[in-house]
file entry02.tsv (TSV, C-alpha atoms)
chain	number	residue	atom	x	y	z
A	10	MET	CA	-18.08	-19.39	19.16
A	11	PRO	CA	-21.79	-18.47	18.72
A	12	LEU	CA	-22.59	-14.95	17.53
A	13	ALA	CA	-24.22	-14.09	20.85
A	14	LEU	CA	-21.10	-15.02	22.77
A	15	ALA	CA	-18.90	-13.12	20.32
A	16	GLY	CA	-21.09	-10.06	20.88
A	17	LEU	CA	-20.68	-10.37	24.64
A	18	VAL	CA	-16.91	-10.59	24.21
A	19	MET	CA	-16.86	-7.39	22.16
A	20	ALA	CA	-19.13	-5.57	24.58
A	21	GLY	CA	-16.91	-6.58	27.48
A	22	ILE	CA	-13.84	-5.31	25.67
A	23	LEU	CA	-15.50	-1.96	24.97
A	24	LEU	CA	-16.51	-1.52	28.60
A	25	LEU	CA	-13.03	-2.40	29.80
A	26	LEU	CA	-11.37	0.05	27.44
A	27	LEU	CA	-13.77	2.82	28.37
A	28	ALA	CA	-12.92	2.26	32.00
A	29	VAL	CA	-9.18	2.40	31.27
A	30	PHE	CA	-9.17	5.47	29.05
A	31	PHE	CA	-12.03	7.43	30.56
A	32	PRO	CA	-12.48	6.85	34.31
A	33	ALA	CA	-15.95	7.20	35.76
A	34	ASP	CA	-15.20	10.52	37.46
A	35	SER	CA	-14.22	12.20	34.18
A	36	ARG	CA	-17.21	10.77	32.32
A	37	ALA	CA	-19.59	11.88	35.07
A	38	ALA	CA	-18.12	15.38	34.98
A	39	GLY	CA	-18.95	15.62	31.29
A	40	GLU	CA	-15.38	16.26	30.16
A	41	LYS	CA	-14.83	16.28	26.42
A	42	ILE	CA	-12.87	13.38	25.00
A	43	GLN	CA	-9.58	14.65	23.63
A	44	PRO	CA	-8.98	13.73	19.95
A	45	GLU	CA	-5.74	11.90	20.69
A	46	LEU	CA	-7.44	9.77	23.35
A	47	SER	CA	-10.33	9.07	21.02
A	48	ASP	CA	-7.87	7.99	18.34
A	49	LYS	CA	-6.06	5.67	20.76
A	50	LEU	CA	-9.33	4.22	22.05
A	51	ASP	CA	-10.47	3.53	18.51
A	52	MET	CA	-7.25	1.69	17.79
A	53	TYR	CA	-7.36	-0.41	20.93
A	54	VAL	CA	-10.99	-1.35	20.33
A	55	HIS	CA	-10.21	-2.59	16.82
A	56	ASN	CA	-7.12	-4.40	18.00
A	57	SER	CA	-8.82	-6.12	20.90
A	58	ILE	CA	-11.84	-7.20	18.89
A	59	SER	CA	-9.61	-8.56	16.14
A	60	ASN	CA	-7.59	-10.57	18.64
A	61	ALA	CA	-10.72	-11.81	20.44
A	62	LEU	CA	-12.22	-13.11	17.20
A	63	ASP	CA	-8.96	-14.47	15.80
A	64	GLY	CA	-9.59	-17.99	14.53
A	65	ILE	CA	-13.35	-17.62	14.92
A	66	TYR	CA	-14.23	-15.48	11.93
A	67	PRO	CA	-12.17	-14.91	8.75
A	68	ILE	CA	-11.33	-11.30	9.60
A	69	GLU	CA	-8.20	-9.91	7.96
A	70	LYS	CA	-5.82	-8.33	10.43
A	71	VAL	CA	-4.56	-4.89	9.43
A	72	TYR	CA	-2.32	-3.07	11.87
A	73	ARG	CA	-2.39	0.71	12.14
A	74	LEU	CA	-0.58	3.45	14.02
A	75	SER	CA	-1.85	6.44	15.92
A	76	GLU	CA	-1.94	9.62	13.86
A	77	ASN	CA	-1.28	11.61	17.03
A	78	GLU	CA	1.95	9.95	18.12
A	79	LEU	CA	5.27	10.44	16.35
A	80	VAL	CA	7.10	7.41	17.68
A	81	ALA	CA	6.33	4.14	15.89
A	82	PRO	CA	7.11	0.59	17.05
A	83	GLU	CA	10.75	-0.37	16.84
A	84	PRO	CA	11.49	-2.40	13.71
A	85	ASP	CA	12.71	-5.94	14.30
A	86	GLN	CA	16.45	-5.85	13.58
A	87	SER	CA	16.40	-9.47	12.43
A	88	ARG	CA	14.17	-8.44	9.51
A	89	PHE	CA	16.76	-6.12	8.00
A	90	GLY	CA	19.10	-7.62	5.44
A	91	SER	CA	21.35	-6.91	2.47
A	92	THR	CA	22.65	-8.75	-0.58
A	93	ALA	CA	24.36	-8.19	-3.91
A	94	ASP	CA	23.56	-11.70	-5.18
A	95	PRO	CA	20.89	-11.58	-7.93
A	96	GLN	CA	19.51	-14.95	-6.84
A	97	GLU	CA	19.15	-13.75	-3.26
A	98	MET	CA	17.54	-10.55	-4.54
A	99	GLN	CA	14.95	-12.64	-6.34
A	100	LYS	CA	14.21	-14.53	-3.13
A	101	VAL	CA	13.73	-11.22	-1.35
A	102	LEU	CA	11.34	-10.00	-4.08
A	103	THR	CA	9.39	-13.24	-4.02
A	104	ALA	CA	8.98	-13.03	-0.25
A	105	ALA	CA	8.02	-9.35	-0.49
A	106	SER	CA	5.44	-10.09	-3.16
A	107	GLU	CA	3.90	-12.82	-1.02
A	108	ILE	CA	3.44	-10.38	1.86
A	109	PHE	CA	1.39	-8.14	-0.43
A	110	ASP	CA	-0.68	-10.85	-2.12
A	111	GLY	CA	1.36	-11.14	-5.28
A	112	GLN	CA	1.67	-7.42	-6.01
A	113	GLU	CA	4.77	-6.64	-8.04
A	114	PHE	CA	7.66	-4.42	-7.04
A	115	ARG	CA	9.43	-2.12	-9.48
A	116	PHE	CA	12.88	-3.10	-8.27
A	117	THR	CA	14.26	-6.09	-10.20
A	118	PRO	CA	17.41	-8.20	-9.77
A	119	GLU	CA	18.45	-7.01	-13.24
A	120	LYS	CA	19.12	-3.49	-11.98
A	121	ALA	CA	22.77	-2.51	-12.22
A	122	LEU	CA	23.62	-1.59	-8.66
A	123	MET	CA	26.31	0.98	-8.03
A	124	PRO	CA	29.64	-0.88	-7.78
A	125	GLY	CA	30.46	-1.88	-4.23
A	126	THR	CA	26.87	-1.52	-2.99
A	127	GLU	CA	24.09	-3.93	-2.06
A	128	LEU	CA	20.33	-4.13	-1.99
A	129	ARG	CA	19.25	-3.32	1.57
A	130	TYR	CA	15.83	-4.38	2.71
A	131	TYR	CA	13.35	-4.67	5.55
A	132	MET	CA	10.31	-6.96	5.52
A	133	ASP	CA	7.56	-7.75	7.98
A	134	GLU	CA	3.81	-8.32	7.73
A	135	THR	CA	3.13	-4.58	7.45
A	136	ILE	CA	5.94	-3.06	5.37
A	137	VAL	CA	8.53	-3.87	2.74
A	138	ALA	CA	11.32	-1.38	2.03
A	139	LEU	CA	13.92	-2.07	-0.69
A	140	THR	CA	16.82	0.39	-0.81
A	141	TRP	CA	19.59	0.50	-3.41
A	142	GLN	CA	21.94	2.76	-5.36
A	143	GLU	CA	22.43	3.15	-9.10
A	144	VAL	CA	24.70	5.28	-11.23
A	145	ILE	CA	22.63	7.13	-13.83
A	146	GLN	CA	24.25	9.71	-16.11
A	147	ASN	CA	27.30	9.76	-13.83
A	148	THR	CA	25.08	10.64	-10.82
A	149	VAL	CA	24.69	8.56	-7.67
A	150	TYR	CA	20.97	7.87	-7.26
A	151	SER	CA	19.85	6.35	-3.96
A	152	PHE	CA	16.36	4.85	-4.06
A	153	SER	CA	13.97	3.24	-1.61
A	154	GLU	CA	10.84	1.48	-2.84
A	155	ILE	CA	8.26	1.05	-0.09
A	156	ARG	CA	4.98	-0.79	0.23
A	157	ILE	CA	2.92	-0.44	3.38
A	158	ALA	CA	-0.19	-2.22	4.62
A	159	HIS	CA	-1.90	0.81	6.18
A	160	PRO	CA	-1.76	4.54	5.39
A	161	SER	CA	-0.78	5.42	8.97
A	162	GLN	CA	2.67	3.92	8.33
A	163	PHE	CA	3.49	6.83	5.98
A	164	ARG	CA	4.32	9.66	8.36
A	165	ARG	CA	5.54	13.26	8.61
A	166	MET	CA	7.69	14.66	11.41
A	167	PHE	CA	8.24	18.29	12.36
A	168	THR	CA	11.02	18.76	14.91
A	169	GLY	CA	9.45	19.41	18.29
A	170	ASP	CA	6.25	17.93	16.82
A	171	SER	CA	5.03	21.47	16.14
A	172	PHE	CA	5.14	24.14	13.47
A	173	ASN	CA	8.08	26.54	13.85
A	174	SER	CA	9.44	24.90	16.99
A	175	GLY	CA	12.84	26.42	16.26
A	176	ILE	CA	14.52	23.02	16.69
A	177	GLN	CA	16.64	21.56	13.88
A	178	ASN	CA	18.23	18.10	13.72
A	179	ARG	CA	19.90	15.76	11.26
A	180	SER	CA	17.61	13.51	9.23
A	181	SER	CA	19.28	10.37	10.60
A	182	ASP	CA	18.79	11.52	14.19
A	183	MET	CA	15.12	12.35	13.55
A	184	ALA	CA	14.62	8.96	11.88
A	185	ALA	CA	16.13	7.19	14.88
A	186	SER	CA	13.98	9.15	17.34
A	187	VAL	CA	10.73	7.92	15.74
A	188	ASN	CA	11.84	4.35	14.90
A	189	ALA	CA	11.65	4.88	11.14
A	190	VAL	CA	12.36	1.90	8.90
A	191	VAL	CA	13.27	4.34	6.13
A	192	ALA	CA	13.12	8.15	6.00
A	193	ILE	CA	13.95	11.03	3.70
A	194	SER	CA	14.66	14.67	4.35
A	195	GLY	CA	11.60	16.87	3.81
A	196	ASP	CA	11.01	20.35	2.43
A	197	PHE	CA	12.94	22.21	5.20
A	198	TYR	CA	9.85	24.40	5.54
A	199	ALA	CA	11.42	26.43	8.37
A	200	PHE	CA	14.10	27.77	6.01
A	201	ARG	CA	11.71	29.71	3.76
A	202	SER	CA	8.31	31.37	3.89
A	203	HIS	CA	6.78	29.97	0.69
A	204	GLY	CA	4.23	27.20	0.23
A	205	ILE	CA	1.08	25.90	1.86
A	206	ILE	CA	2.02	24.13	5.08
A	207	VAL	CA	-0.36	21.55	6.60
A	208	TYR	CA	0.52	19.33	9.54
A	209	ARG	CA	-1.89	16.85	11.12
A	210	GLY	CA	-4.73	18.40	9.18
A	211	GLU	CA	-4.09	21.95	10.42
A	212	LEU	CA	-3.23	24.81	8.05
A	213	TYR	CA	-0.22	26.72	9.35
A	214	ARG	CA	0.95	28.70	6.32
A	215	ASN	CA	-0.91	29.88	3.24
A	216	ALA	CA	1.66	31.13	0.74
A	217	GLY	CA	1.18	29.15	-2.43
A	218	GLN	CA	1.57	32.02	-4.87
A	219	TYR	CA	5.04	31.11	-6.11
A	220	ILE	CA	5.72	27.40	-5.59
A	221	ASP	CA	3.98	24.06	-6.12
A	222	THR	CA	2.62	22.26	-3.07
A	223	CYS	CA	2.29	18.49	-2.64
A	224	PHE	CA	-0.57	17.41	-0.40
A	225	PHE	CA	-1.00	13.97	1.16
A	226	ASP	CA	-4.50	12.87	2.11
A	227	THR	CA	-5.41	10.49	4.93
A	228	ASN	CA	-4.98	7.57	2.52
A	229	ARG	CA	-1.50	8.98	1.71
A	230	ASN	CA	-2.25	9.67	-1.92
A	231	MET	CA	-0.35	12.59	-3.44
A	232	HIS	CA	-2.19	15.67	-4.74
A	233	PHE	CA	-0.54	18.63	-6.47
A	234	VAL	CA	-1.53	22.29	-6.43
A	235	ARG	CA	0.49	24.43	-8.81
A	236	ALA	CA	1.90	27.82	-7.89
A	237	GLY	CA	-0.86	30.42	-7.81
A	238	GLU	CA	-3.76	27.96	-8.15
A	239	LEU	CA	-4.84	28.34	-4.50
A	240	THR	CA	-4.22	31.64	-2.76
A	241	ARG	CA	-7.33	32.65	-0.80
A	242	GLU	CA	-7.44	31.03	2.62
A	243	GLU	CA	-11.08	30.05	2.30
A	244	ASP	CA	-10.29	28.21	-0.94
A	245	VAL	CA	-7.33	26.45	0.65
A	246	ARG	CA	-9.40	25.33	3.63
A	247	ARG	CA	-12.14	24.07	1.34
A	248	TYR	CA	-9.55	22.10	-0.65
A	249	LEU	CA	-8.13	20.56	2.52
A	250	GLU	CA	-11.56	19.46	3.63
A	251	GLU	CA	-12.64	18.12	0.24
A	252	LYS	CA	-9.44	16.15	-0.27
A	253	ASP	CA	-9.17	15.09	3.39
A	254	ILE	CA	-5.59	16.38	3.56
A	255	LEU	CA	-3.41	15.31	6.49
A	256	PHE	CA	-0.10	17.03	5.69
A	257	SER	CA	1.81	18.74	2.89
A	258	ALA	CA	5.28	19.33	1.52
A	259	ALA	CA	6.17	22.73	0.09
A	260	PHE	CA	9.25	22.84	-2.13
A	261	GLY	CA	8.75	21.55	-5.67
A	262	PRO	CA	8.43	21.70	-8.50
A	263	VAL	CA	6.07	18.89	-9.46
A	264	LEU	CA	8.05	16.40	-11.55
A	265	VAL	CA	5.66	13.74	-12.85
A	266	VAL	CA	1.87	13.68	-13.29
A	267	ASP	CA	-0.01	10.62	-14.61
A	268	GLY	CA	3.28	9.01	-15.56
A	269	ALA	CA	4.47	11.93	-17.70
A	270	VAL	CA	7.11	14.55	-16.97
A	271	SER	CA	5.29	17.78	-16.07
A	272	LEU	CA	7.63	20.66	-15.28
A	273	PRO	CA	6.90	24.39	-15.10
A	274	GLY	CA	8.60	26.76	-17.51
A	275	TYR	CA	10.03	28.75	-14.62
A	276	TYR	CA	10.53	28.00	-10.93
A	277	PRO	CA	11.79	30.47	-8.33
A	278	ILE	CA	13.59	28.13	-5.88
A	279	GLY	CA	15.84	25.10	-6.04
A	280	GLU	CA	18.22	26.27	-8.79
A	281	VAL	CA	16.27	24.12	-11.23
A	282	GLU	CA	18.50	24.80	-14.23
A	283	ASP	CA	21.74	24.24	-12.31
A	284	ARG	CA	23.44	20.98	-11.45
A	285	TYR	CA	22.56	20.38	-7.85
A	286	ALA	CA	22.04	17.56	-5.37
A	287	ARG	CA	18.34	16.59	-5.48
A	288	CYS	CA	15.68	14.85	-3.43
A	289	ALA	CA	12.27	13.55	-4.50
A	290	ILE	CA	9.28	11.46	-3.51
A	291	GLY	CA	7.12	9.52	-5.95
A	292	GLN	CA	4.01	7.36	-5.85
A	293	TYR	CA	3.44	4.23	-7.94
A	294	GLY	CA	-0.03	3.41	-6.70
A	295	GLU	CA	-2.00	2.85	-3.54
A	296	LEU	CA	0.38	2.59	-0.54
A	297	HIS	CA	3.35	2.13	-2.89
A	298	TYR	CA	6.10	4.79	-3.05
A	299	LEU	CA	9.60	5.68	-4.18
A	300	LEU	CA	12.08	7.88	-2.33
A	301	ALA	CA	15.12	9.22	-4.18
A	302	THR	CA	18.20	11.34	-3.70
A	303	ALA	CA	20.69	12.31	-6.43
A	304	ASN	CA	24.23	13.24	-5.46
A	305	THR	CA	27.81	13.32	-6.63
A	306	GLY	CA	30.26	10.96	-4.96
A	307	GLY	CA	33.65	9.41	-5.68
A	308	TYR	CA	34.14	8.99	-9.42
A	309	TYR	CA	30.59	10.14	-10.11
A	310	THR	CA	30.72	13.89	-10.54
A	311	ASN	CA	27.46	14.88	-12.19
A	312	ALA	CA	24.63	16.46	-10.20
A	313	PRO	CA	21.32	16.61	-12.09
A	314	THR	CA	19.13	19.45	-13.24
A	315	ILE	CA	15.46	19.27	-12.31
A	316	ALA	CA	14.65	18.08	-15.84
A	317	GLU	CA	17.09	15.19	-15.46
A	318	LEU	CA	15.65	14.28	-12.05
A	319	ALA	CA	12.13	14.31	-13.51
A	320	ALA	CA	13.19	12.01	-16.35
A	321	VAL	CA	14.71	9.54	-13.88
A	322	MET	CA	11.61	9.49	-11.67
A	323	GLN	CA	9.48	8.85	-14.74
A	324	ALA	CA	11.85	6.11	-15.92
A	325	GLN	CA	11.55	4.46	-12.51
A	326	GLY	CA	7.83	4.11	-13.22
A	327	CYS	CA	6.36	6.76	-10.90
A	328	ASP	CA	2.81	7.86	-11.63
A	329	LYS	CA	3.41	11.03	-9.57
A	330	ALA	CA	6.62	12.65	-8.32
A	331	TYR	CA	7.57	15.81	-6.48
A	332	THR	CA	10.80	17.57	-5.53
A	333	LEU	CA	11.86	17.93	-1.89
A	334	ASP	CA	14.63	20.21	-0.63
A	335	GLY	CA	17.97	19.37	-2.22
A	336	GLY	CA	21.59	20.39	-1.78
A	337	GLN	CA	23.08	19.44	1.56
A	338	THR	CA	19.57	18.74	2.87
A	339	ALA	CA	19.03	15.75	0.56
A	340	THR	CA	19.34	12.65	2.77
A	341	LEU	CA	17.99	9.10	2.61
A	342	VAL	CA	18.12	7.04	5.82
A	343	MET	CA	17.48	3.36	6.46
A	344	ASN	CA	17.67	1.77	9.90
A	345	ASP	CA	19.03	5.05	11.32
A	346	VAL	CA	21.99	5.05	8.89
A	347	ARG	CA	22.41	7.50	6.03
A	348	VAL	CA	22.42	5.70	2.67
A	349	ASN	CA	23.46	8.42	0.21
A	350	PRO	CA	26.58	10.56	-0.06
A	351	VAL	CA	25.68	14.09	1.05
A	352	GLU	CA	27.04	17.43	-0.07
A	353	TYR	CA	30.05	18.67	1.91
A	354	GLY	CA	30.30	15.27	3.61
A	355	SER	CA	27.92	15.85	6.51
A	356	GLU	CA	24.18	16.09	7.07
A	357	ARG	CA	22.55	19.46	7.50
A	358	ASN	CA	20.37	20.18	10.52
A	359	ILE	CA	16.83	20.65	9.18
A	360	SER	CA	13.26	20.95	10.41
A	361	ASP	CA	11.41	17.88	9.09
A	362	ILE	CA	11.43	14.44	7.53
A	363	ILE	CA	9.04	12.05	5.81
A	364	TYR	CA	9.28	8.50	7.12
A	365	PHE	CA	7.82	5.00	6.91
A	366	ALA	CA	7.35	2.72	9.90
A	367	THR	CA	6.41	-0.82	10.80
A	368	ALA	CA	3.03	-1.25	12.45
A	369	LEU	CA	3.77	-4.56	14.11
A	370	PRO	CA	2.77	-4.16	17.76
A	371	ASN	CA	5.97	-4.85	19.65
A	372	ILE	CA	5.42	-1.95	22.05
A	373	GLU	CA	2.33	-0.44	23.63
A	374	GLY	CA	0.75	2.06	21.27
A	375	SER	CA	0.73	0.13	17.99
A	376	VAL	CA	-2.52	-1.57	17.20
A	377	GLU	CA	-4.65	-3.52	14.78
A	378	ALA	CA	-7.51	-1.98	12.93
call {"tool": "encode", "arguments": {"input": "entry02.tsv", "output": "structure tokens"}}
result
Amino acid sequence: MPLALAGLVMAGILLLLLAVFFPADSRAAGEKIQPELSDKLDMYVHNSISNALDGIYPIEKVYRLSENELVAPEPDQSRFGSTADPQEMQKVLTAASEIFDGQEFRFTPEKALMPGTELRYYMDETIVALTWQEVIQNTVYSFSEIRIAHPSQFRRMFTGDSFNSGIQNRSSDMAASVNAVVAISGDFYAFRSHGIIVYRGELYRNAGQYIDTCFFDTNRNMHFVRAGELTREEDVRRYLEEKDILFSAAFGPVLVVDGAVSLPGYYPIGEVEDRYARCAIGQYGELHYLLATANTGGYYTNAPTIAELAAVMQAQGCDKAYTLDGGQTATLVMNDVRVNPVEYGSERNISDIIYFATALPNIEGSVEA
């Protein structure tokens, strides 16, 4: 297709989308475009142009999700699987690596899975999630290694989609409600008043005097601010703007920095010296993460200290790692089903999760960028 014709196609698409999202009467009245509509328009424009030029120009397709909508596309159930066969595991890793242009995964078929368990996985063109359990120091560790194609697939959910909604739900129920491929319980921010709380770029709580905060920017890279480093609101807001922060988690402590264990000498929450069920999130590199819970279960009766958790996250190869709320809160979910044993045998109702989603457009609302 000649360039001139391709330009006409794109112009026609833009005009059509403008007409759909912003009718003539609203444009004539001078109404402001709401951010969520602008976001959706931007996505649909990219998606439509990419589809229109498919096969004409060598444009890489990258799907993305709306930052303003909690519910992601439903994952394709046929793409979930499980195996305990090392040869099948290698096939899964080979296929996963091919999706991400030969990039390596940290999981290997040589890992000693917890007896009676399997590698569980999900793979499509936009996400690979590998979930397994190991016994380390007589503790049941449940891990999920995730690679995503676009930052928007790494997501945060507050119950009620608002700060302090007063609603609390189980992690597995929240994961199901947003079509998460894999999810982990968050910081249970509604249970305490500490930490710097950011959601969708808005600052809702500035109380970082006593605990470490983990910030996630729009590219979903992790940034740490230690207890007491940012206290004045003007400094916090400047930090959020400079780092382009989208949301935060406020529990801690920080576990790993630049591949090395980096723990504070004292920490006021989380019973860090005690043996306690734990929960953590780590980052390997760009769009590459590790979720982890550590619990007792069956014959495995040891719950870790924070120092032991930090050592495990480092040994798993994380460049950065941070503690989320533990105890009965600590929950890892894949395909709406809890993976790990939880304290007292049942999930706690909490206020928030962190989750990863497919971006394949099987329902209206998911798009290509």
call {"tool": "axis_aligned_box", "arguments": {"input": "entry02.tsv", "around": "range 236-240 of chain A", "padding_each_side": "4 Å", "output": "JSON"}}
result
{"center_x": -1.5, "center_y": 29.7, "center_z": -5.5, "size_x": 14.7, "size_y": 11.8, "size_z": 13.4}
call {"tool": "atom_distance", "arguments": {"input": "entry02.tsv", "atom1": "CA of Ala236 in chain A", "atom2": "CA of Glu76 in chain A"}}
result
28.6 Å
call {"tool": "closest_residue", "arguments": {"input": "entry02.tsv", "among": "A:Ala316, A:His159, A:Gln177, A:Ala259", "to": "Arg214 in chain A", "atoms": "all atoms listed in the file"}}
result
A:Ala259
call {"tool": "atom_distance", "arguments": {"input": "entry02.tsv", "atom1": "CA of Ala330 in chain A", "atom2": "CA of Pro95 in chain A"}}
result
28.1 Å
call {"tool": "residues_around", "arguments": {"input": "entry02.tsv", "residues": "range 216-231 of chain A", "least_positions_apart": "2", "cutoff": "9 Å", "atoms": "all atoms listed in the file", "output": "VMD selection string"}}
result
chain A and resid 159 to 161 163 to 164 202 to 207 210 214 233 to 240 249 252 to 263 276 to 278 291 to 292 294 to 296 329 to 331
call {"tool": "closest_residue", "arguments": {"input": "entry02.tsv", "among": "A:Thr302, A:Gln142, A:Ser153, A:Ser355", "to": "Thr126 in chain A", "atoms": "only C-alpha atoms"}}
result
A:Gln142
call {"tool": "closest_residue", "arguments": {"input": "entry02.tsv", "among": "A:Arg201, A:Arg179, A:Arg241, A:Arg246", "to": "Thr340 in chain A", "atoms": "only C-alpha atoms"}}
result
A:Arg179
call {"tool": "residues_around", "arguments": {"input": "entry02.tsv", "residues": "Ile362 in chain A", "least_positions_apart": "4", "cutoff": "10 Å", "atoms": "all atoms listed in the file", "output": "NGL selection string"}}
result
:A and (164-168 or 178-181 or 183-184 or 192-197 or 258 or 340-341)
call {"tool": "atom_distance", "arguments": {"input": "entry02.tsv", "atom1": "CA of Gln96 in chain A", "atom2": "CA of Pro118 in chain A"}}
result
7.7 Å
call {"tool": "residues_around", "arguments": {"input": "entry02.tsv", "residues": "Met98 in chain A", "least_positions_apart": "6", "cutoff": "12 Å", "atoms": "only C-alpha atoms", "output": "mmCIF file with C-alpha atoms, in the coordinates of the input"}}
result
data_model
loop_
_atom_site.group_PDB
_atom_site.id
_atom_site.type_symbol
_atom_site.label_atom_id
_atom_site.label_comp_id
_atom_site.auth_asym_id
_atom_site.auth_seq_id
_atom_site.Cartn_x
_atom_site.Cartn_y
_atom_site.Cartn_z
ATOM 1 C CA GLY A 90 19.100 -7.620 5.440
ATOM 2 C CA SER A 91 21.350 -6.910 2.470
ATOM 3 C CA THR A 92 22.650 -8.750 -0.580
ATOM 4 C CA ALA A 104 8.980 -13.030 -0.250
ATOM 5 C CA ALA A 105 8.020 -9.350 -0.490
ATOM 6 C CA PHE A 114 7.660 -4.420 -7.040
ATOM 7 C CA PHE A 116 12.880 -3.100 -8.270
ATOM 8 C CA THR A 117 14.260 -6.090 -10.200
ATOM 9 C CA PRO A 118 17.410 -8.200 -9.770
ATOM 10 C CA GLU A 119 18.450 -7.010 -13.240
ATOM 11 C CA LYS A 120 19.120 -3.490 -11.980
ATOM 12 C CA LEU A 122 23.620 -1.590 -8.660
ATOM 13 C CA GLU A 127 24.090 -3.930 -2.060
ATOM 14 C CA LEU A 128 20.330 -4.130 -1.990
ATOM 15 C CA ARG A 129 19.250 -3.320 1.570
ATOM 16 C CA TYR A 130 15.830 -4.380 2.710
ATOM 17 C CA LEU A 139 13.920 -2.070 -0.690
ATOM 18 C CA THR A 140 16.820 0.390 -0.810
ATOM 19 C CA TRP A 141 19.590 0.500 -3.410
#
call {"tool": "closest_residue", "arguments": {"input": "entry02.tsv", "among": "A:Asp361, A:Glu97, A:Asp85, A:Asp182", "to": "Ile136 in chain A", "atoms": "all atoms listed in the file"}}
result
A:Asp85
call {"tool": "closest_residue", "arguments": {"input": "entry02.tsv", "among": "A:Gly306, A:Gly335, A:Gly326, A:Pro84", "to": "Tyr285 in chain A", "atoms": "all atoms listed in the file"}}
result
A:Gly335
call {"tool": "decode", "arguments": {"input": "entry02.tsv", "residues": "range 345-357 of chain A", "atoms": "N, CA, C and O atoms", "output": "PDB file, in the first residue's frame"}}
result
ATOM      1  N   ASP A 345      -7.206 -17.984  39.592  1.00  0.00           N
ATOM      2  CA  ASP A 345      -8.258 -17.855  40.608  1.00  0.00           C
ATOM      3  C   ASP A 345      -8.149 -18.865  41.739  1.00  0.00           C
ATOM      4  O   ASP A 345      -9.030 -18.917  42.609  1.00  0.00           O
ATOM      5  N   VAL A 346      -7.095 -19.684  41.762  1.00  0.00           N
ATOM      6  CA  VAL A 346      -6.942 -20.716  42.786  1.00  0.00           C
ATOM      7  C   VAL A 346      -5.714 -20.415  43.638  1.00  0.00           C
ATOM      8  O   VAL A 346      -4.633 -20.138  43.112  1.00  0.00           O
ATOM      9  N   ARG A 347      -5.885 -20.466  44.950  1.00  0.00           N
ATOM     10  CA  ARG A 347      -4.756 -20.241  45.851  1.00  0.00           C
ATOM     11  C   ARG A 347      -3.724 -21.340  45.678  1.00  0.00           C
ATOM     12  O   ARG A 347      -4.058 -22.533  45.659  1.00  0.00           O
ATOM     13  N   VAL A 348      -2.449 -20.959  45.592  1.00  0.00           N
ATOM     14  CA  VAL A 348      -1.359 -21.903  45.387  1.00  0.00           C
ATOM     15  C   VAL A 348      -0.757 -22.347  46.718  1.00  0.00           C
ATOM     16  O   VAL A 348      -0.463 -23.527  46.916  1.00  0.00           O
ATOM     17  N   ASN A 349      -0.549 -21.424  47.635  1.00  0.00           N
ATOM     18  CA  ASN A 349       0.208 -21.704  48.856  1.00  0.00           C
ATOM     19  C   ASN A 349      -0.686 -22.120  50.018  1.00  0.00           C
ATOM     20  O   ASN A 349      -1.867 -21.757  50.071  1.00  0.00           O
ATOM     21  N   PRO A 350      -0.125 -22.863  50.977  1.00  0.00           N
ATOM     22  CA  PRO A 350      -0.868 -23.080  52.222  1.00  0.00           C
ATOM     23  C   PRO A 350      -0.896 -21.758  52.996  1.00  0.00           C
ATOM     24  O   PRO A 350       0.084 -21.029  53.013  1.00  0.00           O
ATOM     25  N   VAL A 351      -2.032 -21.429  53.577  1.00  0.00           N
ATOM     26  CA  VAL A 351      -2.127 -20.176  54.330  1.00  0.00           C
ATOM     27  C   VAL A 351      -2.272 -20.462  55.820  1.00  0.00           C
ATOM     28  O   VAL A 351      -2.708 -21.541  56.217  1.00  0.00           O
ATOM     29  N   GLU A 352      -1.900 -19.482  56.617  1.00  0.00           N
ATOM     30  CA  GLU A 352      -2.006 -19.627  58.063  1.00  0.00           C
ATOM     31  C   GLU A 352      -3.462 -19.814  58.480  1.00  0.00           C
ATOM     32  O   GLU A 352      -4.361 -19.170  57.916  1.00  0.00           O
ATOM     33  N   TYR A 353      -3.674 -20.675  59.415  1.00  0.00           N
ATOM     34  CA  TYR A 353      -5.007 -20.981  59.971  1.00  0.00           C
ATOM     35  C   TYR A 353      -5.943 -21.614  58.936  1.00  0.00           C
ATOM     36  O   TYR A 353      -7.142 -21.739  59.181  1.00  0.00           O
ATOM     37  N   GLY A 354      -5.415 -21.972  57.766  1.00  0.00           N
ATOM     38  CA  GLY A 354      -6.185 -22.752  56.819  1.00  0.00           C
ATOM     39  C   GLY A 354      -7.157 -22.000  55.941  1.00  0.00           C
ATOM     40  O   GLY A 354      -7.831 -22.609  55.102  1.00  0.00           O
ATOM     41  N   SER A 355      -7.267 -20.695  56.088  1.00  0.00           N
ATOM     42  CA  SER A 355      -8.210 -19.943  55.247  1.00  0.00           C
ATOM     43  C   SER A 355      -7.650 -18.558  54.964  1.00  0.00           C
ATOM     44  O   SER A 355      -6.896 -17.990  55.771  1.00  0.00           O
ATOM     45  N   GLU A 356      -8.033 -18.016  53.823  1.00  0.00           N
ATOM     46  CA  GLU A 356      -7.558 -16.687  53.436  1.00  0.00           C
ATOM     47  C   GLU A 356      -8.194 -15.604  54.304  1.00  0.00           C
ATOM     48  O   GLU A 356      -9.362 -15.703  54.690  1.00  0.00           O
ATOM     49  N   ARG A 357      -7.418 -14.581  54.543  1.00  0.00           N
ATOM     50  CA  ARG A 357      -7.916 -13.407  55.258  1.00  0.00           C
ATOM     51  C   ARG A 357      -8.542 -12.428  54.269  1.00  0.00           C
ATOM     52  O   ARG A 357      -8.061 -12.279  53.143  1.00  0.00           O
TER      53      ARG A 357
END
